[in-house]
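Here is the file query.pdb (PDB, C-alpha atoms, pLDDT in the B column).
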```
ATOM      1  CA  MET A  88     109.777  77.914  -3.727  1.00 74.00           C
ATOM      2  CA  ALA A  89     107.834  76.269  -6.548  1.00 86.00           C
ATOM      3  CA  GLU A  90     108.459  76.911 -10.251  1.00 95.00           C
ATOM      4  CA  ILE A  91     106.409  76.175 -13.351  1.00 97.00           C
ATOM      5  CA  MET A  92     108.114  73.892 -15.881  1.00 97.00           C
ATOM      6  CA  THR A  93     107.028  71.776 -18.844  1.00 95.00           C
ATOM      7  CA  LEU A  94     106.594  68.033 -18.379  1.00 94.00           C
ATOM      8  CA  ILE A  95     106.931  65.552 -21.221  1.00 90.00           C
ATOM      9  CA  GLY A  96     105.687  62.052 -20.499  1.00 82.00           C
ATOM     10  CA  GLY A  97     106.845  59.184 -22.672  1.00 77.00           C
ATOM     11  CA  ARG A  98     108.310  55.745 -23.045  1.00 63.00           C
ATOM     12  CA  SER A  99     111.937  54.717 -22.592  1.00 61.00           C
ATOM     13  CA  SER A 100     113.786  51.553 -23.533  1.00 56.00           C
ATOM     14  CA  LYS A 101     114.551  50.808 -19.855  1.00 59.00           C
ATOM     15  CA  GLN A 102     110.888  51.212 -19.018  1.00 58.00           C
ATOM     16  CA  GLY A 103     109.979  48.776 -21.773  1.00 53.00           C
ATOM     17  CA  THR A 104     112.426  46.105 -20.647  1.00 57.00           C
ATOM     18  CA  THR A 105     111.433  46.381 -16.985  1.00 56.00           C
ATOM     19  CA  LEU A 106     107.753  46.369 -17.944  1.00 56.00           C
ATOM     20  CA  CYS A 107     108.270  43.061 -19.761  1.00 52.00           C
ATOM     21  CA  ALA A 108     109.994  41.608 -16.687  1.00 53.00           C
ATOM     22  CA  SER A 109     107.319  42.756 -14.216  1.00 59.00           C
ATOM     23  CA  LYS A 110     105.159  45.832 -13.920  1.00 62.00           C
ATOM     24  CA  LEU A 111     105.100  45.180 -10.174  1.00 61.00           C
ATOM     25  CA  GLY A 112     108.883  44.800  -9.879  1.00 65.00           C
ATOM     26  CA  ALA A 113     111.331  47.146  -8.173  1.00 73.00           C
ATOM     27  CA  ALA A 114     113.095  48.120 -11.414  1.00 71.00           C
ATOM     28  CA  TYR A 115     109.855  49.278 -13.065  1.00 69.00           C
ATOM     29  CA  ALA A 116     108.813  51.163  -9.923  1.00 73.00           C
ATOM     30  CA  GLU A 117     112.178  52.935  -9.820  1.00 78.00           C
ATOM     31  CA  ILE A 118     112.102  53.966 -13.476  1.00 76.00           C
ATOM     32  CA  SER A 119     108.485  55.140 -13.401  1.00 80.00           C
ATOM     33  CA  SER A 120     109.075  57.203 -10.236  1.00 88.00           C
ATOM     34  CA  THR A 121     112.154  59.069 -11.511  1.00 93.00           C
ATOM     35  CA  LEU A 122     111.958  62.573 -12.968  1.00 96.00           C
ATOM     36  CA  GLU A 123     114.666  63.636 -15.395  1.00 96.00           C
ATOM     37  CA  MET A 124     115.526  67.314 -14.954  1.00 97.00           C
ATOM     38  CA  ASN A 125     118.111  69.708 -16.342  1.00 98.00           C
ATOM     39  CA  VAL A 126     121.094  69.952 -13.973  1.00 98.00           C
ATOM     40  CA  GLU A 127     120.978  73.772 -14.009  1.00 97.00           C
ATOM     41  CA  ASP A 128     117.329  73.729 -12.909  1.00 97.00           C
ATOM     42  CA  MET A 129     118.215  71.222 -10.195  1.00 97.00           C
ATOM     43  CA  ALA A 130     121.065  73.408  -8.913  1.00 96.00           C
ATOM     44  CA  ARG A 131     118.838  76.496  -8.831  1.00 95.00           C
ATOM     45  CA  LEU A 132     116.230  74.593  -6.792  1.00 96.00           C
ATOM     46  CA  GLY A 133     118.877  73.156  -4.462  1.00 95.00           C
ATOM     47  CA  LEU A 134     118.371  69.594  -5.716  1.00 96.00           C
ATOM     48  CA  SER A 135     120.800  66.767  -6.446  1.00 96.00           C
ATOM     49  CA  ASN A 136     120.406  63.282  -7.881  1.00 97.00           C
ATOM     50  CA  ASN A 137     117.826  61.336  -5.851  1.00 95.00           C
ATOM     51  CA  SER A 138     116.363  64.479  -4.245  1.00 97.00           C
ATOM     52  CA  LYS A 139     112.576  64.388  -4.067  1.00 97.00           C
ATOM     53  CA  VAL A 140     110.292  66.839  -5.847  1.00 97.00           C
ATOM     54  CA  ARG A 141     106.539  67.323  -5.857  1.00 97.00           C
ATOM     55  CA  LEU A 142     104.887  67.900  -9.223  1.00 97.00           C
ATOM     56  CA  ARG A 143     101.403  69.432  -9.332  1.00 96.00           C
ATOM     57  CA  THR A 144      98.935  69.874 -12.160  1.00 93.00           C
ATOM     58  CA  PRO A 145      95.240  70.762 -11.990  1.00 91.00           C
ATOM     59  CA  ALA A 146      94.565  66.992 -12.239  1.00 89.00           C
ATOM     60  CA  GLY A 147      96.748  65.890  -9.306  1.00 93.00           C
ATOM     61  CA  GLU A 148     100.204  65.615  -7.810  1.00 96.00           C
ATOM     62  CA  ALA A 149     103.050  63.145  -7.431  1.00 96.00           C
ATOM     63  CA  ILE A 150     106.358  62.939  -5.567  1.00 96.00           C
ATOM     64  CA  LEU A 151     109.320  61.654  -7.577  1.00 96.00           C
ATOM     65  CA  ARG A 152     113.085  61.336  -7.310  1.00 96.00           C
ATOM     66  CA  CYS A 153     115.274  63.557  -9.533  1.00 96.00           C
ATOM     67  CA  LYS A 154     117.906  62.490 -12.000  1.00 96.00           C
ATOM     68  CA  GLY A 155     120.066  65.204 -13.558  1.00 97.00           C
ATOM     69  CA  ARG A 156     120.512  65.560 -17.312  1.00 95.00           C
ATOM     70  CA  GLU A 157     122.907  67.899 -19.096  1.00 97.00           C
ATOM     71  CA  THR A 158     121.531  70.752 -21.212  1.00 96.00           C
ATOM     72  CA  LYS A 159     122.543  69.002 -24.449  1.00 96.00           C
ATOM     73  CA  ASP A 160     120.193  66.149 -23.460  1.00 95.00           C
ATOM     74  CA  LEU A 161     117.372  68.048 -21.727  1.00 96.00           C
ATOM     75  CA  PRO A 162     116.921  71.827 -22.049  1.00 97.00           C
ATOM     76  CA  PRO A 163     116.286  74.001 -18.989  1.00 97.00           C
ATOM     77  CA  GLY A 164     112.630  74.169 -17.999  1.00 97.00           C
ATOM     78  CA  ILE A 165     111.795  70.792 -19.581  1.00 97.00           C
ATOM     79  CA  LEU A 166     111.150  67.667 -17.494  1.00 97.00           C
ATOM     80  CA  PHE A 167     110.805  64.054 -18.622  1.00 95.00           C
ATOM     81  CA  MET A 168     109.234  61.074 -16.903  1.00 92.00           C
ATOM     82  CA  THR A 169     108.214  57.671 -18.175  1.00 89.00           C
ATOM     83  CA  TYR A 170     104.602  56.599 -18.186  1.00 85.00           C
ATOM     84  CA  GLY A 171     103.455  54.791 -15.086  1.00 83.00           C
ATOM     85  CA  PRO A 172     101.232  55.200 -12.051  1.00 84.00           C
ATOM     86  CA  LEU A 173     102.763  58.526 -10.992  1.00 86.00           C
ATOM     87  CA  SER A 174     102.555  60.114 -14.445  1.00 84.00           C
ATOM     88  CA  SER A 175      98.893  59.079 -14.568  1.00 82.00           C
ATOM     89  CA  GLN A 176      98.249  61.070 -11.393  1.00 85.00           C
ATOM     90  CA  LEU A 177      99.291  64.228 -13.258  1.00 88.00           C
ATOM     91  CA  MET A 178      97.216  63.755 -16.429  1.00 83.00           C
ATOM     92  CA  ALA A 179      93.620  64.813 -16.806  1.00 70.00           C
ATOM     93  CA  GLY A 180      91.011  62.528 -18.361  1.00 64.00           C
ATOM     94  CA  ASP A 181      90.761  64.451 -21.647  1.00 66.00           C
ATOM     95  CA  THR A 182      92.122  62.420 -24.537  1.00 57.00           C
ATOM     96  CA  ALA A 183      91.258  64.865 -27.348  1.00 63.00           C
ATOM     97  CA  GLY A 184      89.577  61.919 -29.069  1.00 66.00           C
ATOM     98  CA  SER A 185      92.744  59.810 -29.186  1.00 63.00           C
ATOM     99  CA  GLY A 186      92.040  57.456 -26.289  1.00 59.00           C
ATOM    100  CA  MET A 187      95.359  58.444 -24.665  1.00 60.00           C
ATOM    101  CA  PRO A 188      95.421  61.208 -22.026  1.00 56.00           C
ATOM    102  CA  ILE A 189      97.343  64.308 -23.008  1.00 61.00           C
ATOM    103  CA  SER A 190     100.859  63.772 -21.633  1.00 62.00           C
ATOM    104  CA  LYS A 191     103.050  66.136 -23.613  1.00 71.00           C
ATOM    105  CA  ASN A 192     103.714  69.786 -22.887  1.00 79.00           C
ATOM    106  CA  LEU A 193     102.015  69.741 -19.462  1.00 85.00           C
ATOM    107  CA  ASP A 194     102.611  72.782 -17.285  1.00 91.00           C
ATOM    108  CA  VAL A 195     103.592  71.498 -13.853  1.00 94.00           C
ATOM    109  CA  GLU A 196     104.458  73.172 -10.601  1.00 97.00           C
ATOM    110  CA  VAL A 197     107.798  71.826  -9.350  1.00 97.00           C
ATOM    111  CA  GLU A 198     108.601  72.049  -5.663  1.00 96.00           C
ATOM    112  CA  PRO A 199     111.484  70.492  -3.711  1.00 97.00           C
ATOM    113  CA  VAL A 200     110.399  68.096  -0.965  1.00 95.00           C
ATOM    114  CA  ARG A 201     112.623  68.665   2.011  1.00 85.00           C
ATOM    115  CA  ASP A 202     113.535  65.788   4.288  1.00 73.00           C
ATOM    116  CA  GLU A 203     112.281  66.225   7.847  1.00 59.00           C
ATOM    117  CA  ASN A 204     115.832  65.584   9.087  1.00 54.00           C
ATOM    118  CA  GLY A 205     117.611  68.022   6.781  1.00 49.00           C
ATOM    119  CA  PRO A 206     117.328  71.196   4.696  1.00 46.00           C
TER     120      PRO A 206
END
```
As structure tokens, how would this structure be written, given the file I've shared?
Amino acid sequence: MAEIMTLIGGRSSKQGTTLCASKLGAAYAEISSTLEMNVEDMARLGLSNNSKVRLRTPAGEAILRCKGRETKDLPPGILFMTYGPLSSQLMAGDTAGSGMPISKNLDVEVEPVRDENGP
């Protein structure tokens, strides 16, 4: 079952270092396709580290891998992902005059992606 949560897009130091090495490299692809999620939210949705989830917004959707974060680091209901190709699929074209698409406080539908070979 899908839930609505709040997505925060942003930069991370790991993203920056992998971006400098190669935007087309495996390390950058891994970082920009990982969703950080509160461990309690993950447990409720039946997810573990590296489980896949589908995020949907009115602008589009993306499938990412999960990485659990403790409540002291990421509150329940809040998601974080670094900027990259997948985050761009979720943002609309409106920049509110800033030139940068709105990427903070996005309501997203979160749905576990079940493997065909398992639950």
Seminar exercise, completed: re atom CA of Leu94 of chain A and atom CA of Met168 of chain A: distance 7.6 Å
For this session: Rank A:Leu161, A:Leu122, A:Ile95, A:Ala116 by their smallest atom-to-atom distance to Lys191 of chain A, using all atoms listed in the file, and report the top residue only.
Result: A:Ile95
Local residues around (111.5, 67.6, -6.4), at most 9 Å away, using only C-alpha atoms, as a PDB file with C-alpha atoms, keeping the file's coordinate frame:
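Saved result, part-v5.pdb, follows:
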```
ATOM      1  CA  LEU A 122     111.958  62.573 -12.968  1.00 96.00           C
ATOM      2  CA  MET A 129     118.215  71.222 -10.195  1.00 97.00           C
ATOM      3  CA  LEU A 132     116.230  74.593  -6.792  1.00 96.00           C
ATOM      4  CA  LEU A 134     118.371  69.594  -5.716  1.00 96.00           C
ATOM      5  CA  ASN A 137     117.826  61.336  -5.851  1.00 95.00           C
ATOM      6  CA  SER A 138     116.363  64.479  -4.245  1.00 97.00           C
ATOM      7  CA  LYS A 139     112.576  64.388  -4.067  1.00 97.00           C
ATOM      8  CA  VAL A 140     110.292  66.839  -5.847  1.00 97.00           C
ATOM      9  CA  ARG A 141     106.539  67.323  -5.857  1.00 97.00           C
ATOM     10  CA  LEU A 142     104.887  67.900  -9.223  1.00 97.00           C
ATOM     11  CA  ILE A 150     106.358  62.939  -5.567  1.00 96.00           C
ATOM     12  CA  LEU A 151     109.320  61.654  -7.577  1.00 96.00           C
ATOM     13  CA  ARG A 152     113.085  61.336  -7.310  1.00 96.00           C
ATOM     14  CA  CYS A 153     115.274  63.557  -9.533  1.00 96.00           C
ATOM     15  CA  VAL A 197     107.798  71.826  -9.350  1.00 97.00           C
ATOM     16  CA  GLU A 198     108.601  72.049  -5.663  1.00 96.00           C
ATOM     17  CA  PRO A 199     111.484  70.492  -3.711  1.00 97.00           C
ATOM     18  CA  VAL A 200     110.399  68.096  -0.965  1.00 95.00           C
ATOM     19  CA  ARG A 201     112.623  68.665   2.011  1.00 85.00           C
TER      20      ARG A 201
END
```
Problem set entry | the PyMOL selection byres ((chain A and resi 124) around 9) applied to the shown file, residues as a ChimeraX atom specification | /A:122-123,125-129,153-157,161-167
Seminar exercise, completed: The distance between atom CA of Pro145 of chain A and atom CA of Ala130 of chain A is 26.1 Å
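Between atom CA of Thr93 of chain A and atom CA of Ala113 of chain A the interatomic distance comes to 27.2 Å.
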Exercise. Taking the file as shown, what set of residues would the PyMOL selection byres ((chain A and resi 143) around 6) give back, as a ChimeraX atom specification?
Worked result: /A:142,144,147-148,195-196
Exercise. Looking at all atoms listed in the file, which of A:Ala146, A:Met92, A:Asp194, A:Thr158 is the one that sits closest to Leu173 of chain A?
Worked result: A:Ala146
Write out N, CA and C atoms for segment 119-131 of chain A, as a PDB file, keeping the file's coordinate frame.
```
ATOM      1  N   SER A 119     109.706  54.358 -13.236  1.00 80.00           N
ATOM      2  CA  SER A 119     108.485  55.140 -13.401  1.00 80.00           C
ATOM      3  C   SER A 119     108.273  56.156 -12.278  1.00 80.00           C
ATOM      4  N   SER A 120     109.175  56.198 -11.297  1.00 88.00           N
ATOM      5  CA  SER A 120     109.075  57.203 -10.236  1.00 88.00           C
ATOM      6  C   SER A 120     110.271  58.154 -10.241  1.00 88.00           C
ATOM      7  N   THR A 121     110.994  58.189 -11.369  1.00 93.00           N
ATOM      8  CA  THR A 121     112.154  59.069 -11.511  1.00 93.00           C
ATOM      9  C   THR A 121     111.845  60.180 -12.505  1.00 93.00           C
ATOM     10  N   LEU A 122     112.150  61.401 -12.121  1.00 96.00           N
ATOM     11  CA  LEU A 122     111.958  62.573 -12.968  1.00 96.00           C
ATOM     12  C   LEU A 122     113.312  63.013 -13.492  1.00 96.00           C
ATOM     13  N   GLU A 123     113.440  63.118 -14.803  1.00 96.00           N
ATOM     14  CA  GLU A 123     114.666  63.636 -15.395  1.00 96.00           C
ATOM     15  C   GLU A 123     114.534  65.146 -15.523  1.00 96.00           C
ATOM     16  N   MET A 124     115.571  65.850 -15.034  1.00 97.00           N
ATOM     17  CA  MET A 124     115.526  67.314 -14.954  1.00 97.00           C
ATOM     18  C   MET A 124     116.879  67.885 -15.344  1.00 97.00           C
ATOM     19  N   ASN A 125     116.879  69.018 -15.979  1.00 98.00           N
ATOM     20  CA  ASN A 125     118.111  69.708 -16.342  1.00 98.00           C
ATOM     21  C   ASN A 125     118.924  70.010 -15.078  1.00 98.00           C
ATOM     22  N   VAL A 126     120.234  69.763 -15.145  1.00 98.00           N
ATOM     23  CA  VAL A 126     121.094  69.952 -13.973  1.00 98.00           C
ATOM     24  C   VAL A 126     121.128  71.406 -13.496  1.00 98.00           C
ATOM     25  N   GLU A 127     120.995  72.358 -14.407  1.00 97.00           N
ATOM     26  CA  GLU A 127     120.978  73.772 -14.009  1.00 97.00           C
ATOM     27  C   GLU A 127     119.711  74.092 -13.215  1.00 97.00           C
ATOM     28  N   ASP A 128     118.579  73.539 -13.650  1.00 97.00           N
ATOM     29  CA  ASP A 128     117.329  73.729 -12.909  1.00 97.00           C
ATOM     30  C   ASP A 128     117.439  73.090 -11.526  1.00 97.00           C
ATOM     31  N   MET A 129     118.046  71.907 -11.484  1.00 97.00           N
ATOM     32  CA  MET A 129     118.215  71.222 -10.195  1.00 97.00           C
ATOM     33  C   MET A 129     119.063  72.060  -9.245  1.00 97.00           C
ATOM     34  N   ALA A 130     120.172  72.596  -9.745  1.00 96.00           N
ATOM     35  CA  ALA A 130     121.065  73.408  -8.913  1.00 96.00           C
ATOM     36  C   ALA A 130     120.330  74.637  -8.380  1.00 96.00           C
ATOM     37  N   ARG A 131     119.574  75.302  -9.236  1.00 95.00           N
ATOM     38  CA  ARG A 131     118.838  76.496  -8.831  1.00 95.00           C
ATOM     39  C   ARG A 131     117.825  76.182  -7.722  1.00 95.00           C
TER      40      ARG A 131
END
```
